[in-house]
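Trainee: Dumping the structure here so I can ask a few things about it.
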Amino acid sequence: MDRRRFLQQTGTLIAGAALAPYALPEAGAQPGASTAVGRLVLPMNRKWRYSRKFVEGGHARDFDDSGFDRVVIPHTNVPLPWHGFDEKTYEFVSLYRRRFKLPAEARGKRVFVDFEGVMTASTVWINGVRLGEYKGGYTPFSFELTSHLDFDGENVLSVDVDSSERPDIPPFGYEIDYLTFGGIYREVSLRVVPATFIENIFVRPRNALSASPGVDVDCFVQHLEVSPDALTIEVELLDGGRVVAKASQPLPPSGPASEPVAHTVHLENLSGIRVWSMEQRNLYSTRARLRRGTQVLDEDSRRFGFREAQFTDHGFELNGKVIKLRGLDRHQTFPFVGQAMPGRAQRRDAQILRNQLKCNVVRTSHYPQSRHFLDACDEVGLLVLEEIPGWQHIGDAAWKQISVDNVRRMIRRDWNHPSIILWGVRINESRDDHDFYTRTNALAHQLDPTRQTGGIRYFQESEFLEDVFTMNDFGFPLKPPKYPRYLNTEFVGHTYPTKTIDQVERLTEHTLRHARIHDQLASDPQYAGGIGWCAFDYNTHGNFGSGDRVCYHGVTDIFREPKPAAGFYKSQCDPAEEIVLEPAFHWARGDASVGFSKAVVCSNCDHLKFYIDDKLVAEVDPDRKQFAHLRYAPFVLEMGELFHKWGDLRLDGFIQGKQVISKRLSGAGIDTKFMLLADDAELIADGADSTRVVLRVTDEFGAVQPFANDAIELEVEGPAEIIGDNPFSLIGGTGAVWIRAQEKVGKVRLNAIHPRLGTQLAEIEIVAGAAETV
């Protein structure tokens, strides 16, 4: 079966919901109406009305919703504490309503509503007419509105959102070790297009490393009505605003069709092309135009990169260079609002992983994640393993059909991201199911022949249907690689949960366990690398985690504040990028079982000097005996009788005999400084844009005091609100809230009042953004 015919024949729709077109705003663009020739993409994230309860008659066009809450998307169906809550609190059916009038340009065209993510099942209505139900919380979907619209007056879009854990929808059916929360938690837009339009674009670079690479651009053209005239599809390759190449292809007349048809335009013998890599994130765009003669009927574009990525029998190669993968798994949930964080917060996670934790790969466990996160991965050079929703359980035939559809929607949304190197087409840690996984694997290969597939399992005897054997292995030592293409996708995690408030021996051991695994991964080139469990602590069900609805499995806490194990990942970067010196302990004489004895420091230096009370007590080299294979092995010092007297600890780091870094930890044990640190100084006045504000209590040298638990009173002035507890009680000497902009400009002043250490101020400017026009 050829690829085009396969795409047409596997286009089964779920309960009336059309394939989302993925005509999303260009990455990095300010939100606002897109007015590409022939189409309009109109954001619909403001001016929603919301009821936590189902209301009889609430879908009617003339229903009075003035008593509903006024909300902005992304929206969580109920705010929650960061821990210690009942997940049943968010498992209910809610109602969202949005009134809108269409612009004059919409007349005579087809109108769709595009949802990027709604948790968990969505029944969509327009002007009192039920359009259908979409089952799934992690993949995008669309409904056509055209025949039910009033092009002159007001229209009402209504959505019943069922946020319960329905067993007929992946990942549910048994139990899962994470929470899904509820609400319309990703963006919504109207898409206005002609009856014949560009439904999707897939850009497939060829011979990216050669002197004259090429590009195959698959333009998926949808004919909703008879198209009696011959058309032309024209494609341009853009480097910023500069046209690098152009080609076109004629399209014959066509009758109406239920599925889009792929037309491939070839761009050949390109010159001066710069490849995308983790260090040089060179990004290009393709712009496709559908023409009738000289008239442009429709236009759309996609961003992509030239690169070659493959798993081989000697590891993972990017652009012909073997790279040992070192990363962490990520849940996309946040304190207080679950998954309903806007683009800025999603992008920040990618920046934390790449720039602060120095990871080179992330797994989107256990579901497709925000497009903003993936856009940022493209921009910062963070490789991605993206997988379908699921956790251990496989349901009945209808459940499996939704899962197969999830494969299709995930790949068709994200196939242009150069950061994505592997599709996960198996339910995480499920048992084998030959027929089911033959289907998911075949579909992935048919949709995207440019990428390999993997399937996350927990037993090596599993049937190997994919291209890469992806394995969760929580033992130590790890099992040896059973297949040539082998990637470890989870380790440590639940076998050693660690809190920021744990005593020093546990924090140090947590760090060493991650280091030991990566040392073994470095010992054999058939290990492509490892993705540790996990980046951030996350909310879970009561029968998992530590009993307070949190799994403390992360190398950072739920607020994205680092634990000592984060220092190990950070220390594995080249000193040319950043010189790292991170103690895997807090400096206290008696927090260990029998006094402080073992000092572990993660650093990319080649020599350390330890001083206590400014007296040199030890010089240490990396522990090559325990970590023979790591490029930057941790330093381990048995302190023994080195304590001539108690005092401040000073660590000096050296590279090739030259001191390059120094760090001090106070021996006084006094909470000395209170810090308030906002990630951003500016937000957009759209009612959703948000930034994290970190609260810390430190010693006089800036080291976090892990047992500070003070209640911090917060006062906000200006057009913003606090997302989080107020007062906020520190945990492990730190924590965070988020500041969310309102829909007006101005200066925001956040005062944080510590009961003893005084007041700190953070100022954030709220600036104008693009208005919504519907």
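We label chains A, B, ... in the order they appear in the structure tokens, count residues from 1 in each chain, and number ligands from 1 in the order shown.
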Against segment 39-55 of chain A, which residues of segment 606-714 of chain A fall within 9 Å? For each one I want the closest pair of atoms and the distance in Å (one decimal), counting only C-alpha atoms, rows by chain and increasing residue number, as a Markdown table.
Mentor:
| residue | atom | partner | partner_atom | distance |
| --- | --- | --- | --- | --- |
| A:Asp686 | CA | A:Arg46 | CA | 7.6 |
| A:Gly687 | CA | A:Arg46 | CA | 7.4 |
| A:Ala688 | CA | A:Asn45 | CA | 8.7 |
Trainee: Can you tell me, as a PyMOL selection string, what residues are no more than 6 Å from Ile612 of chain A when counting only C-alpha atoms, ignoring any on the same chain fewer than 3 positions away?
Mentor: chain A and resi 615+647-649
Trainee: Could the residues in this selection be saved with C-alpha atoms as a PDB file, in the first residue's frame?
Mentor:
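Final output, again_33.pdb:
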ATOM      1  CA  LYS A 615      41.971  26.242  56.732  1.00  0.00           C
ATOM      2  CA  GLY A 647      33.120  26.810  60.645  1.00  0.00           C
ATOM      3  CA  ASP A 648      32.271  27.838  57.127  1.00  0.00           C
ATOM      4  CA  LEU A 649      33.055  25.448  54.298  1.00  0.00           C
TER       5      LEU A 649
END
Trainee: Considering only C-alpha atoms, state which residue in the set A:Ile579, A:Val72, A:Ala247, A:Ala633 is at the smallest distance from Gln742 of chain A.
Mentor: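 Ranking A:Ile579, A:Val72, A:Ala247, A:Ala633 by distance to Gln742 of chain A, first place goes to A:Val72.
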Trainee: Rank A:Phe568, A:Phe707, A:Tyr611, A:Trp415 by their smallest atom-to-atom distance to Pro634 of chain A, using only C-alpha atoms, and report the top residue only.
Mentor: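 Closest candidate: A:Phe568.
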Trainee: So, counting only C-alpha atoms, which residue among A:Gln295, A:Thr139, A:Thr508, A:Thr498 is closest to Ala584 of chain A?
Mentor: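 The answer is A:Thr508, which sits nearest to Ala584 of chain A.
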Trainee: Going by DSSP on the backbone, which bits of segment 248-429 of chain A are strand (DSSP E or B)? Write them as a VMD selection string, please.
Mentor: chain A and resid 248 to 251 254 261 to 267 276 281 284 to 292 295 to 304 309 to 312 315 to 318 321 to 323 325 to 329 334 338 361 to 364 383 to 387 420 to 424
Trainee: Could you give me, as a PDB file with all heavy atoms, in the first residue's frame, the residues within 6 Å of segment 692-705 of chain A, counting only C-alpha atoms and dropping anything in the same chain fewer than 2 positions from it?
Mentor:
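Listing of part17.pdb after writing:
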ATOM      1  N   ASP A 671      19.341  31.431  59.402  1.00  0.00           N
ATOM      2  CA  ASP A 671      18.602  31.941  58.241  1.00  0.00           C
ATOM      3  C   ASP A 671      18.917  33.436  58.128  1.00  0.00           C
ATOM      4  O   ASP A 671      18.510  34.234  58.979  1.00  0.00           O
ATOM      5  CB  ASP A 671      17.103  31.742  58.423  1.00  0.00           C
ATOM      6  CG  ASP A 671      16.711  30.270  58.487  1.00  0.00           C
ATOM      7  OD1 ASP A 671      17.572  29.422  58.186  1.00  0.00           O
ATOM      8  OD2 ASP A 671      15.553  29.977  58.832  1.00  0.00           O
ATOM      9  N   THR A 672      19.629  33.799  57.065  1.00  0.00           N
ATOM     10  CA  THR A 672      20.204  35.140  56.984  1.00  0.00           C
ATOM     11  C   THR A 672      19.541  36.028  55.943  1.00  0.00           C
ATOM     12  O   THR A 672      19.286  37.202  56.186  1.00  0.00           O
ATOM     13  CB  THR A 672      21.705  35.034  56.664  1.00  0.00           C
ATOM     14  OG1 THR A 672      22.329  34.192  57.633  1.00  0.00           O
ATOM     15  CG2 THR A 672      22.356  36.410  56.682  1.00  0.00           C
ATOM     16  N   LYS A 673      19.274  35.466  54.774  1.00  0.00           N
ATOM     17  CA  LYS A 673      18.739  36.270  53.674  1.00  0.00           C
ATOM     18  C   LYS A 673      17.404  35.715  53.207  1.00  0.00           C
ATOM     19  O   LYS A 673      17.182  34.503  53.207  1.00  0.00           O
ATOM     20  CB  LYS A 673      19.706  36.278  52.483  1.00  0.00           C
ATOM     21  CG  LYS A 673      21.040  36.942  52.732  1.00  0.00           C
ATOM     22  CD  LYS A 673      21.880  36.893  51.454  1.00  0.00           C
ATOM     23  CE  LYS A 673      23.231  37.553  51.635  1.00  0.00           C
ATOM     24  NZ  LYS A 673      24.042  37.481  50.390  1.00  0.00           N
ATOM     25  N   PHE A 674      16.537  36.627  52.765  1.00  0.00           N
ATOM     26  CA  PHE A 674      15.274  36.261  52.130  1.00  0.00           C
ATOM     27  C   PHE A 674      15.298  36.810  50.714  1.00  0.00           C
ATOM     28  O   PHE A 674      15.580  37.993  50.503  1.00  0.00           O
ATOM     29  CB  PHE A 674      14.087  36.818  52.915  1.00  0.00           C
ATOM     30  CG  PHE A 674      12.749  36.621  52.240  1.00  0.00           C
ATOM     31  CD1 PHE A 674      12.374  35.371  51.759  1.00  0.00           C
ATOM     32  CD2 PHE A 674      11.878  37.687  52.087  1.00  0.00           C
ATOM     33  CE1 PHE A 674      11.150  35.185  51.130  1.00  0.00           C
ATOM     34  CE2 PHE A 674      10.651  37.512  51.467  1.00  0.00           C
ATOM     35  CZ  PHE A 674      10.284  36.255  50.989  1.00  0.00           C
ATOM     36  N   MET A 675      15.039  35.941  49.724  1.00  0.00           N
ATOM     37  CA  MET A 675      15.145  36.319  48.327  1.00  0.00           C
ATOM     38  C   MET A 675      13.809  36.106  47.608  1.00  0.00           C
ATOM     39  O   MET A 675      13.069  35.164  47.907  1.00  0.00           O
ATOM     40  CB  MET A 675      16.239  35.495  47.630  1.00  0.00           C
ATOM     41  CG  MET A 675      17.589  35.570  48.321  1.00  0.00           C
ATOM     42  SD  MET A 675      18.801  34.416  47.631  1.00  0.00           S
ATOM     43  CE  MET A 675      19.111  35.202  46.053  1.00  0.00           C
ATOM     44  N   LEU A 676      13.529  36.987  46.666  1.00  0.00           N
ATOM     45  CA  LEU A 676      12.325  36.916  45.833  1.00  0.00           C
ATOM     46  C   LEU A 676      12.776  37.074  44.385  1.00  0.00           C
ATOM     47  O   LEU A 676      13.286  38.131  43.999  1.00  0.00           O
ATOM     48  CB  LEU A 676      11.346  38.025  46.227  1.00  0.00           C
ATOM     49  CG  LEU A 676       9.963  37.992  45.591  1.00  0.00           C
ATOM     50  CD1 LEU A 676       9.173  36.779  46.073  1.00  0.00           C
ATOM     51  CD2 LEU A 676       9.199  39.276  45.917  1.00  0.00           C
ATOM     52  N   LEU A 677      12.605  36.023  43.572  1.00  0.00           N
ATOM     53  CA  LEU A 677      13.204  35.978  42.249  1.00  0.00           C
ATOM     54  C   LEU A 677      12.148  35.659  41.203  1.00  0.00           C
ATOM     55  O   LEU A 677      11.634  34.528  41.131  1.00  0.00           O
ATOM     56  CB  LEU A 677      14.301  34.911  42.204  1.00  0.00           C
ATOM     57  CG  LEU A 677      15.387  35.024  43.283  1.00  0.00           C
ATOM     58  CD1 LEU A 677      16.228  33.756  43.335  1.00  0.00           C
ATOM     59  CD2 LEU A 677      16.251  36.242  43.033  1.00  0.00           C
ATOM     60  N   ALA A 678      11.813  36.631  40.363  1.00  0.00           N
ATOM     61  CA  ALA A 678      10.856  36.414  39.280  1.00  0.00           C
ATOM     62  C   ALA A 678      11.588  35.953  38.028  1.00  0.00           C
ATOM     63  O   ALA A 678      12.640  36.483  37.675  1.00  0.00           O
ATOM     64  CB  ALA A 678      10.090  37.707  38.986  1.00  0.00           C
ATOM     65  N   ASP A 679      11.034  34.961  37.347  1.00  0.00           N
ATOM     66  CA  ASP A 679      11.646  34.476  36.114  1.00  0.00           C
ATOM     67  C   ASP A 679      11.608  35.515  35.003  1.00  0.00           C
ATOM     68  O   ASP A 679      12.481  35.532  34.133  1.00  0.00           O
ATOM     69  CB  ASP A 679      10.929  33.211  35.624  1.00  0.00           C
ATOM     70  CG  ASP A 679      11.280  31.975  36.440  1.00  0.00           C
ATOM     71  OD1 ASP A 679      12.322  31.987  37.116  1.00  0.00           O
ATOM     72  OD2 ASP A 679      10.510  31.000  36.392  1.00  0.00           O
ATOM     73  N   PHE A 707      15.806  23.841  56.099  1.00  0.00           N
ATOM     74  CA  PHE A 707      14.786  23.641  57.113  1.00  0.00           C
ATOM     75  C   PHE A 707      13.991  24.913  57.416  1.00  0.00           C
ATOM     76  O   PHE A 707      13.189  24.930  58.347  1.00  0.00           O
ATOM     77  CB  PHE A 707      15.418  23.062  58.381  1.00  0.00           C
ATOM     78  CG  PHE A 707      16.154  21.784  58.106  1.00  0.00           C
ATOM     79  CD1 PHE A 707      17.526  21.709  58.242  1.00  0.00           C
ATOM     80  CD2 PHE A 707      15.476  20.668  57.647  1.00  0.00           C
ATOM     81  CE1 PHE A 707      18.213  20.543  57.954  1.00  0.00           C
ATOM     82  CE2 PHE A 707      16.154  19.492  57.358  1.00  0.00           C
ATOM     83  CZ  PHE A 707      17.526  19.425  57.501  1.00  0.00           C
ATOM     84  N   ALA A 708      14.194  25.940  56.608  1.00  0.00           N
ATOM     85  CA  ALA A 708      13.369  27.141  56.735  1.00  0.00           C
ATOM     86  C   ALA A 708      11.972  26.827  56.227  1.00  0.00           C
ATOM     87  O   ALA A 708      11.802  26.361  55.092  1.00  0.00           O
ATOM     88  CB  ALA A 708      13.988  28.289  55.940  1.00  0.00           C
ATOM     89  N   GLY A 733      13.159  25.327  52.545  1.00  0.00           N
ATOM     90  CA  GLY A 733      13.778  26.644  52.434  1.00  0.00           C
ATOM     91  C   GLY A 733      13.409  27.412  51.189  1.00  0.00           C
ATOM     92  O   GLY A 733      13.950  28.506  50.945  1.00  0.00           O
ATOM     93  N   THR A 734      12.478  26.871  50.391  1.00  0.00           N
ATOM     94  CA  THR A 734      12.172  27.518  49.124  1.00  0.00           C
ATOM     95  C   THR A 734      10.730  27.225  48.721  1.00  0.00           C
ATOM     96  O   THR A 734       9.961  26.642  49.470  1.00  0.00           O
ATOM     97  CB  THR A 734      13.164  27.046  48.041  1.00  0.00           C
ATOM     98  OG1 THR A 734      12.947  27.770  46.837  1.00  0.00           O
ATOM     99  CG2 THR A 734      13.036  25.559  47.774  1.00  0.00           C
ATOM    100  N   GLY A 735      10.382  27.610  47.515  1.00  0.00           N
ATOM    101  CA  GLY A 735       9.038  27.415  46.978  1.00  0.00           C
ATOM    102  C   GLY A 735       8.760  28.475  45.943  1.00  0.00           C
ATOM    103  O   GLY A 735       9.634  29.289  45.613  1.00  0.00           O
ATOM    104  N   ALA A 736       7.554  28.469  45.399  1.00  0.00           N
ATOM    105  CA  ALA A 736       7.233  29.440  44.354  1.00  0.00           C
ATOM    106  C   ALA A 736       5.729  29.620  44.239  1.00  0.00           C
ATOM    107  O   ALA A 736       4.943  28.720  44.557  1.00  0.00           O
ATOM    108  CB  ALA A 736       7.809  29.002  43.005  1.00  0.00           C
ATOM    109  N   VAL A 737       5.360  30.788  43.787  1.00  0.00           N
ATOM    110  CA  VAL A 737       4.015  31.059  43.296  1.00  0.00           C
ATOM    111  C   VAL A 737       4.172  31.557  41.858  1.00  0.00           C
ATOM    112  O   VAL A 737       5.275  31.774  41.378  1.00  0.00           O
ATOM    113  CB  VAL A 737       3.279  32.103  44.163  1.00  0.00           C
ATOM    114  CG1 VAL A 737       3.070  31.584  45.569  1.00  0.00           C
ATOM    115  CG2 VAL A 737       4.034  33.437  44.175  1.00  0.00           C
ATOM    116  N   TRP A 738       3.056  31.719  41.186  1.00  0.00           N
ATOM    117  CA  TRP A 738       3.073  32.295  39.847  1.00  0.00           C
ATOM    118  C   TRP A 738       2.256  33.583  39.849  1.00  0.00           C
ATOM    119  O   TRP A 738       1.262  33.705  40.576  1.00  0.00           O
ATOM    120  CB  TRP A 738       2.500  31.315  38.826  1.00  0.00           C
ATOM    121  CG  TRP A 738       3.491  30.292  38.366  1.00  0.00           C
ATOM    122  CD1 TRP A 738       4.162  30.270  37.182  1.00  0.00           C
ATOM    123  CD2 TRP A 738       3.946  29.129  39.076  1.00  0.00           C
ATOM    124  NE1 TRP A 738       5.009  29.183  37.112  1.00  0.00           N
ATOM    125  CE2 TRP A 738       4.896  28.466  38.259  1.00  0.00           C
ATOM    126  CE3 TRP A 738       3.655  28.598  40.325  1.00  0.00           C
ATOM    127  CZ2 TRP A 738       5.538  27.300  38.655  1.00  0.00           C
ATOM    128  CZ3 TRP A 738       4.294  27.432  40.722  1.00  0.00           C
ATOM    129  CH2 TRP A 738       5.227  26.798  39.897  1.00  0.00           C
TER     130      TRP A 738
END
Trainee: Please provide the set of residues having any atom within 6 Å of Tyr538 of chain A, restricted to only C-alpha atoms, with same-chain residues fewer than 4 positions apart removed, written as a PyMOL selection string.
Mentor: chain A and resi 550-551+558
Trainee: Neighbours of Asn360 of chain A within 9 Å (only C-alpha atoms; same-chain residues fewer than 3 positions away dropped), as number ranges by chain?
Mentor: A: 278, 324-328, 353-354, 381-384
Trainee: Would you save the residues from that selection as a PDB file, in the first residue's frame, using N, CA and C atoms?
Mentor:
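What landed in part.pdb:
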ATOM      1  N   MET A 278      22.160  20.651  18.559  1.00  0.00           N
ATOM      2  CA  MET A 278      21.922  21.109  19.930  1.00  0.00           C
ATOM      3  C   MET A 278      22.655  22.404  20.222  1.00  0.00           C
ATOM      4  N   LYS A 324      25.944  10.617  23.487  1.00  0.00           N
ATOM      5  CA  LYS A 324      25.359   9.848  24.585  1.00  0.00           C
ATOM      6  C   LYS A 324      24.207  10.669  25.166  1.00  0.00           C
ATOM      7  N   LEU A 325      23.006  10.111  25.111  1.00  0.00           N
ATOM      8  CA  LEU A 325      21.824  10.832  25.569  1.00  0.00           C
ATOM      9  C   LEU A 325      21.785  10.855  27.094  1.00  0.00           C
ATOM     10  N   ARG A 326      21.511  12.009  27.632  1.00  0.00           N
ATOM     11  CA  ARG A 326      21.463  12.210  29.086  1.00  0.00           C
ATOM     12  C   ARG A 326      20.311  13.158  29.374  1.00  0.00           C
ATOM     13  N   GLY A 327      19.256  12.620  29.992  1.00  0.00           N
ATOM     14  CA  GLY A 327      18.096  13.478  30.185  1.00  0.00           C
ATOM     15  C   GLY A 327      17.195  13.019  31.300  1.00  0.00           C
ATOM     16  N   LEU A 328      16.004  13.588  31.310  1.00  0.00           N
ATOM     17  CA  LEU A 328      15.028  13.342  32.361  1.00  0.00           C
ATOM     18  C   LEU A 328      13.628  13.289  31.756  1.00  0.00           C
ATOM     19  N   LEU A 353      15.401  22.465  31.748  1.00  0.00           N
ATOM     20  CA  LEU A 353      16.003  21.176  31.422  1.00  0.00           C
ATOM     21  C   LEU A 353      17.308  21.340  30.647  1.00  0.00           C
ATOM     22  N   ARG A 354      17.318  22.229  29.671  1.00  0.00           N
ATOM     23  CA  ARG A 354      18.506  22.351  28.816  1.00  0.00           C
ATOM     24  C   ARG A 354      19.569  23.258  29.425  1.00  0.00           C
ATOM     25  N   GLY A 381      17.672  23.457  21.690  1.00  0.00           N
ATOM     26  CA  GLY A 381      18.467  22.282  21.350  1.00  0.00           C
ATOM     27  C   GLY A 381      18.291  21.123  22.306  1.00  0.00           C
ATOM     28  N   LEU A 382      17.045  20.861  22.707  1.00  0.00           N
ATOM     29  CA  LEU A 382      16.734  19.755  23.611  1.00  0.00           C
ATOM     30  C   LEU A 382      16.024  18.666  22.818  1.00  0.00           C
ATOM     31  N   LEU A 383      16.631  17.496  22.692  1.00  0.00           N
ATOM     32  CA  LEU A 383      16.044  16.390  21.943  1.00  0.00           C
ATOM     33  C   LEU A 383      14.844  15.819  22.695  1.00  0.00           C
ATOM     34  N   VAL A 384      13.912  15.209  21.939  1.00  0.00           N
ATOM     35  CA  VAL A 384      12.637  14.805  22.517  1.00  0.00           C
ATOM     36  C   VAL A 384      12.262  13.390  22.076  1.00  0.00           C
TER      37      VAL A 384
END
Trainee: Give me, as a ChimeraX atom specification, all polymer residues having an atom no more than 10 Å from Leu750 of chain A, counting only C-alpha atoms and skipping those fewer than 2 positions away in the same chain.
Mentor: /A:676,678,693,714-718,720-722,739,747-748,752-753,760-764
